[in-house]
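Heads up: the structure comes next, in structure tokens.
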Amino acid sequence: TEVLTGGFEMGNVKYTEPNTLDVAFDVIADITMSAAACQYGGFTLPRVDTILAPYAEKSYKKYFDEYCGIISEYDIEPDLSRAHAYANRKVRRDFEQGFQAWEMRFNTVGSSRGDYPFISVSLGLDTSRFGLMATETALRVRAVGQGDPGKKKPVLFPKLTFLYDEALHGENAPYEYLFDIALECSSKAMYPDFLSLTGEGYI
């Protein structure tokens with residue numbers, strides 16, 4: 001989050017802070033590929049749900065205003081519930097396309113050494129509406145896989161790690177459903193791995 005906030009320089013190019021979710025996905029992919037190419041071993045994107053949530057909020061506001069603007073052109077009072085549904089649907093689609101793009105890029109673009117960088121992503125703890133949407137969408141995209149219809153296969157990278165907290169994801173906890181989605185994904189795609197943050201010595 002600190003890298004994106006306020007912008008940064010990379011390779012003599014000034015990156016401004018993203019104003020939308022789709023741009024945030026692109027910029028994070030650029031940073032990841034550049035950093036992974038400069039080292040051996042793995043590269044981790046920690047808590048991407050928390051990193052992406054603010055940019056999803058920006059996209060939501062953009063789509064909400066877009067809907068209201070289009071409706072107002074016809075001298076119709078905007079229906080705010082429909083504007084919300086429209087913006088939510090568009091943000092969810094941006095999440096789907098963003099995670100699909102990461103899967104394609106991280107599994108097809110080799111590093112300068114000729115190998116594919118071992119990239120890991122952790123998620124599961126952000127309970128904001130877009131943090132939850134990020135985690136759920138990443139898991140569902142991974143479970144479906146990549147490829148032609150009827151021949152889709154799960155990819156290897158980025159490796160997914162689900163951060164489990166019993167107070168959040170345990171039985172009858174408010175986000176137990178998210179853990180269920182993670183289990184379903186794991187049964188189809190090998191990942192996510194599970195890291196428990198609950199219990200003495202675990203954190």
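Ligands are numbered from 1 in the order shown, chains are lettered A, B, ... in the order of the structure tokens, and residues start at 1 in each chain.
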
As a list in words, which residues of range 71-141 of chain A does DSSP assign to strand (DSSP E or B)?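 Assigned to strand (DSSP E or B), within range 71-141 of chain A: Phe118, Ile119, Ser120, Val121, Ser122 and Leu123 of chain A.
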
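Around Val141 in chain A, within 8 Å and counting only C-alpha atoms, the residues found are Glu96, Phe99, Gln100, Thr137, Ala138, Val144 and Gly145 of chain A, once anything fewer than 3 positions away on its own chain is removed.
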
Preceding selection exported with N, CA and C atoms as a CSV table (one decimal), in the first residue's frame:
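File written: result_39.csv
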```csv
chain,number,residue,atom,x,y,z
A,96,GLU,N,-12.6,-9.5,-11.4
A,96,GLU,CA,-12.4,-10.7,-12.2
A,96,GLU,C,-11.4,-10.6,-13.3
A,99,PHE,N,-7.7,-10.2,-11.7
A,99,PHE,CA,-7.1,-11.5,-11.3
A,99,PHE,C,-6.8,-12.4,-12.4
A,100,GLN,N,-7.7,-12.4,-13.4
A,100,GLN,CA,-7.4,-13.2,-14.6
A,100,GLN,C,-6.2,-12.7,-15.3
A,137,THR,N,-13.4,-13.1,-5.1
A,137,THR,CA,-13.2,-13.1,-6.6
A,137,THR,C,-11.9,-13.8,-7.0
A,138,ALA,N,-10.9,-13.5,-6.2
A,138,ALA,CA,-9.6,-14.2,-6.5
A,138,ALA,C,-9.8,-15.7,-6.4
A,144,VAL,N,-11.9,-21.6,-11.3
A,144,VAL,CA,-12.4,-21.8,-12.7
A,144,VAL,C,-11.2,-22.2,-13.6
A,145,GLY,N,-10.1,-21.6,-13.5
A,145,GLY,CA,-8.9,-21.9,-14.3
A,145,GLY,C,-8.8,-21.0,-15.5
```

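Atom pair CA of Leu197 in chain A / CA of Tyr164 in chain A: separated by 5.9 Å.
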
Would you list the contacts of Glu77 in chain A as a PyMOL selection string, taking every protein, DNA or RNA residue within 12 Å and counting only C-alpha atoms, but skipping same-chain residues closer than 6 positions in sequence? chain A and resi 67-71+83

Can I get the selection written as a CSV table (one decimal), in the first residue's frame, with C-alpha atoms?
```csv
chain,number,residue,atom,x,y,z
A,67,TYR,CA,-24.7,5.8,-14.1
A,68,CYS,CA,-26.2,8.9,-12.5
A,69,GLY,CA,-24.8,11.1,-15.2
A,70,ILE,CA,-26.2,9.0,-18.0
A,71,ILE,CA,-29.6,8.8,-16.4
A,83,ALA,CA,-26.8,3.0,-9.4
```

Determine which residues of range 9-130 of chain A DSSP labels as alpha helix (DSSP H) from the backbone of this structure, then write them out as a ChimeraX atom specification. /A:21-37,48-72,80-108,129-130

Residue nearest Ser128 in chain A - candidates A:Ile51, A:Met104, A:Val27, A:Met33, atoms counted: only C-alpha atoms: A:Ile51

12 Å contact set for Thr44 in chain A, only C-alpha atoms, chain neighbours under 4 positions out, as number ranges by chain: A: 28-29, 31-33, 35-36, 48, 117-123, 157-161

Would you save the residues of that selection, restricted to all heavy atoms, as a short mmCIF file (atom, residue, chain, number, x, y, z; two decimals), in the first residue's frame?
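So part.cif came out as:
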```
data_model
loop_
_atom_site.label_atom_id
_atom_site.label_comp_id
_atom_site.auth_asym_id
_atom_site.auth_seq_id
_atom_site.Cartn_x
_atom_site.Cartn_y
_atom_site.Cartn_z
N ILE A 28 0.50 -2.89 -10.04
CA ILE A 28 1.02 -3.92 -9.13
C ILE A 28 1.71 -5.02 -9.91
O ILE A 28 2.76 -5.54 -9.48
CB ILE A 28 -0.12 -4.49 -8.25
CG1 ILE A 28 -0.61 -3.41 -7.27
CG2 ILE A 28 0.35 -5.72 -7.49
CD1 ILE A 28 -1.89 -3.79 -6.54
N ALA A 29 1.16 -5.40 -11.06
CA ALA A 29 1.81 -6.42 -11.89
C ALA A 29 3.17 -5.93 -12.38
O ALA A 29 4.15 -6.70 -12.38
CB ALA A 29 0.92 -6.78 -13.07
N ILE A 31 5.17 -3.73 -10.89
CA ILE A 31 6.08 -3.73 -9.74
C ILE A 31 6.53 -5.16 -9.43
O ILE A 31 7.72 -5.42 -9.20
CB ILE A 31 5.38 -3.14 -8.50
CG1 ILE A 31 5.04 -1.66 -8.72
CG2 ILE A 31 6.25 -3.30 -7.25
CD1 ILE A 31 4.11 -1.08 -7.66
N THR A 32 5.59 -6.08 -9.45
CA THR A 32 5.89 -7.47 -9.10
C THR A 32 6.89 -8.08 -10.06
O THR A 32 7.86 -8.72 -9.65
CB THR A 32 4.59 -8.29 -9.07
OG1 THR A 32 3.69 -7.71 -8.13
CG2 THR A 32 4.86 -9.73 -8.69
N MET A 33 6.65 -7.90 -11.36
CA MET A 33 7.55 -8.50 -12.35
C MET A 33 8.93 -7.87 -12.28
O MET A 33 9.94 -8.57 -12.43
CB MET A 33 6.96 -8.34 -13.76
CG MET A 33 5.67 -9.12 -13.98
SD MET A 33 5.81 -10.89 -13.65
CE MET A 33 6.86 -11.40 -15.00
N ALA A 35 10.36 -6.46 -9.56
CA ALA A 35 11.02 -6.88 -8.32
C ALA A 35 11.44 -8.34 -8.39
O ALA A 35 12.53 -8.71 -7.95
CB ALA A 35 10.09 -6.64 -7.14
N ALA A 36 10.57 -9.19 -8.95
CA ALA A 36 10.87 -10.61 -9.02
C ALA A 36 12.06 -10.89 -9.93
O ALA A 36 12.82 -11.84 -9.72
CB ALA A 36 9.64 -11.38 -9.49
N VAL A 48 -3.38 -8.71 -0.41
CA VAL A 48 -3.81 -7.95 -1.59
C VAL A 48 -5.24 -7.45 -1.46
O VAL A 48 -5.62 -6.48 -2.12
CB VAL A 48 -3.66 -8.78 -2.88
CG1 VAL A 48 -2.22 -9.00 -3.22
CG2 VAL A 48 -4.42 -10.07 -2.81
N PRO A 117 8.86 -16.31 -12.30
CA PRO A 117 9.05 -15.98 -10.88
C PRO A 117 7.98 -16.62 -10.00
O PRO A 117 6.81 -16.68 -10.38
CB PRO A 117 8.96 -14.45 -10.85
CG PRO A 117 8.24 -14.06 -12.10
CD PRO A 117 8.57 -15.11 -13.10
N PHE A 118 8.41 -17.09 -8.84
CA PHE A 118 7.50 -17.70 -7.88
C PHE A 118 6.83 -16.58 -7.08
O PHE A 118 7.43 -15.99 -6.20
CB PHE A 118 8.28 -18.62 -6.93
CG PHE A 118 7.40 -19.51 -6.11
CD1 PHE A 118 7.28 -20.86 -6.41
CD2 PHE A 118 6.68 -19.02 -5.04
CE1 PHE A 118 6.46 -21.69 -5.65
CE2 PHE A 118 5.86 -19.83 -4.27
CZ PHE A 118 5.75 -21.17 -4.58
N ILE A 119 5.59 -16.29 -7.44
CA ILE A 119 4.87 -15.17 -6.84
C ILE A 119 3.77 -15.71 -5.94
O ILE A 119 3.01 -16.61 -6.33
CB ILE A 119 4.27 -14.26 -7.94
CG1 ILE A 119 5.40 -13.65 -8.76
CG2 ILE A 119 3.39 -13.16 -7.33
CD1 ILE A 119 4.96 -12.99 -10.04
N SER A 120 3.70 -15.16 -4.75
CA SER A 120 2.72 -15.59 -3.76
C SER A 120 1.85 -14.41 -3.35
O SER A 120 2.33 -13.28 -3.25
CB SER A 120 3.44 -16.17 -2.53
OG SER A 120 2.52 -16.57 -1.56
N VAL A 121 0.57 -14.68 -3.11
CA VAL A 121 -0.40 -13.66 -2.72
C VAL A 121 -1.12 -14.14 -1.48
O VAL A 121 -1.58 -15.28 -1.43
CB VAL A 121 -1.41 -13.43 -3.87
CG1 VAL A 121 -2.62 -12.66 -3.38
CG2 VAL A 121 -0.76 -12.71 -5.04
N SER A 122 -1.24 -13.28 -0.48
CA SER A 122 -2.04 -13.63 0.70
C SER A 122 -3.27 -12.74 0.79
O SER A 122 -3.25 -11.59 0.34
CB SER A 122 -1.20 -13.53 1.98
OG SER A 122 -0.85 -12.19 2.24
N LEU A 123 -4.34 -13.30 1.35
CA LEU A 123 -5.61 -12.58 1.43
C LEU A 123 -6.51 -13.23 2.47
O LEU A 123 -6.19 -14.28 3.02
CB LEU A 123 -6.30 -12.55 0.06
CG LEU A 123 -6.20 -13.77 -0.87
CD1 LEU A 123 -6.92 -14.97 -0.33
CD2 LEU A 123 -6.68 -13.43 -2.25
N PHE A 157 0.67 -19.90 -10.65
CA PHE A 157 0.99 -18.61 -10.03
C PHE A 157 -0.11 -17.59 -10.28
O PHE A 157 -0.74 -17.61 -11.33
CB PHE A 157 2.32 -18.07 -10.57
CG PHE A 157 3.49 -18.97 -10.29
CD1 PHE A 157 4.25 -19.49 -11.33
CD2 PHE A 157 3.83 -19.30 -8.99
CE1 PHE A 157 5.33 -20.31 -11.07
CE2 PHE A 157 4.90 -20.12 -8.72
CZ PHE A 157 5.65 -20.63 -9.77
N PRO A 158 -0.34 -16.65 -9.39
CA PRO A 158 0.34 -16.56 -8.10
C PRO A 158 -0.18 -17.62 -7.13
O PRO A 158 -1.35 -17.95 -7.13
CB PRO A 158 -0.03 -15.16 -7.61
CG PRO A 158 -1.36 -14.89 -8.23
CD PRO A 158 -1.32 -15.55 -9.57
N LYS A 159 0.73 -18.13 -6.31
CA LYS A 159 0.33 -19.02 -5.23
C LYS A 159 -0.59 -18.23 -4.30
O LYS A 159 -0.29 -17.08 -3.96
CB LYS A 159 1.55 -19.50 -4.47
CG LYS A 159 1.23 -20.27 -3.21
CD LYS A 159 2.49 -20.56 -2.41
CE LYS A 159 2.14 -21.12 -1.05
NZ LYS A 159 3.33 -21.31 -0.20
N LEU A 160 -1.70 -18.80 -3.89
CA LEU A 160 -2.63 -18.12 -2.99
C LEU A 160 -2.47 -18.67 -1.57
O LEU A 160 -2.38 -19.88 -1.38
CB LEU A 160 -4.07 -18.33 -3.44
CG LEU A 160 -4.44 -17.83 -4.85
CD1 LEU A 160 -5.92 -18.12 -5.13
CD2 LEU A 160 -4.16 -16.36 -5.01
N THR A 161 -2.48 -17.77 -0.61
CA THR A 161 -2.47 -18.16 0.80
C THR A 161 -3.64 -17.50 1.50
O THR A 161 -3.74 -16.26 1.51
CB THR A 161 -1.16 -17.74 1.49
OG1 THR A 161 -0.05 -18.35 0.83
CG2 THR A 161 -1.16 -18.17 2.96
#
```

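Excluding Tyr191 in chain A itself and same-chain residues fewer than 3 positions from it, the residues having an atom within 10 Å of it are Leu139, Arg142, Ala143, Pro154, Val155, Leu156, Phe157, Pro158, Lys159, Leu160, Thr161, Phe162, Ala182, Leu183, Glu184, Cys185, Ser186, Ser187, Lys188 and Phe194 of chain A, counting only C-alpha atoms.
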
Interatomic distance, CA of Ser59 in chain A to CA of Phe95 in chain A (Å, one decimal): 10.6 Å

Enter the distance from CA of Leu178 in chain A to CA of Asp148 in chain A, in Å, rounded to one decimal. 27.4 Å

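Using only C-alpha atoms, the shortest contact distance between Ala101 in chain A and any of A:Thr135, A:Gln146, A:Ser72, A:Thr127 is found at A:Gln146.
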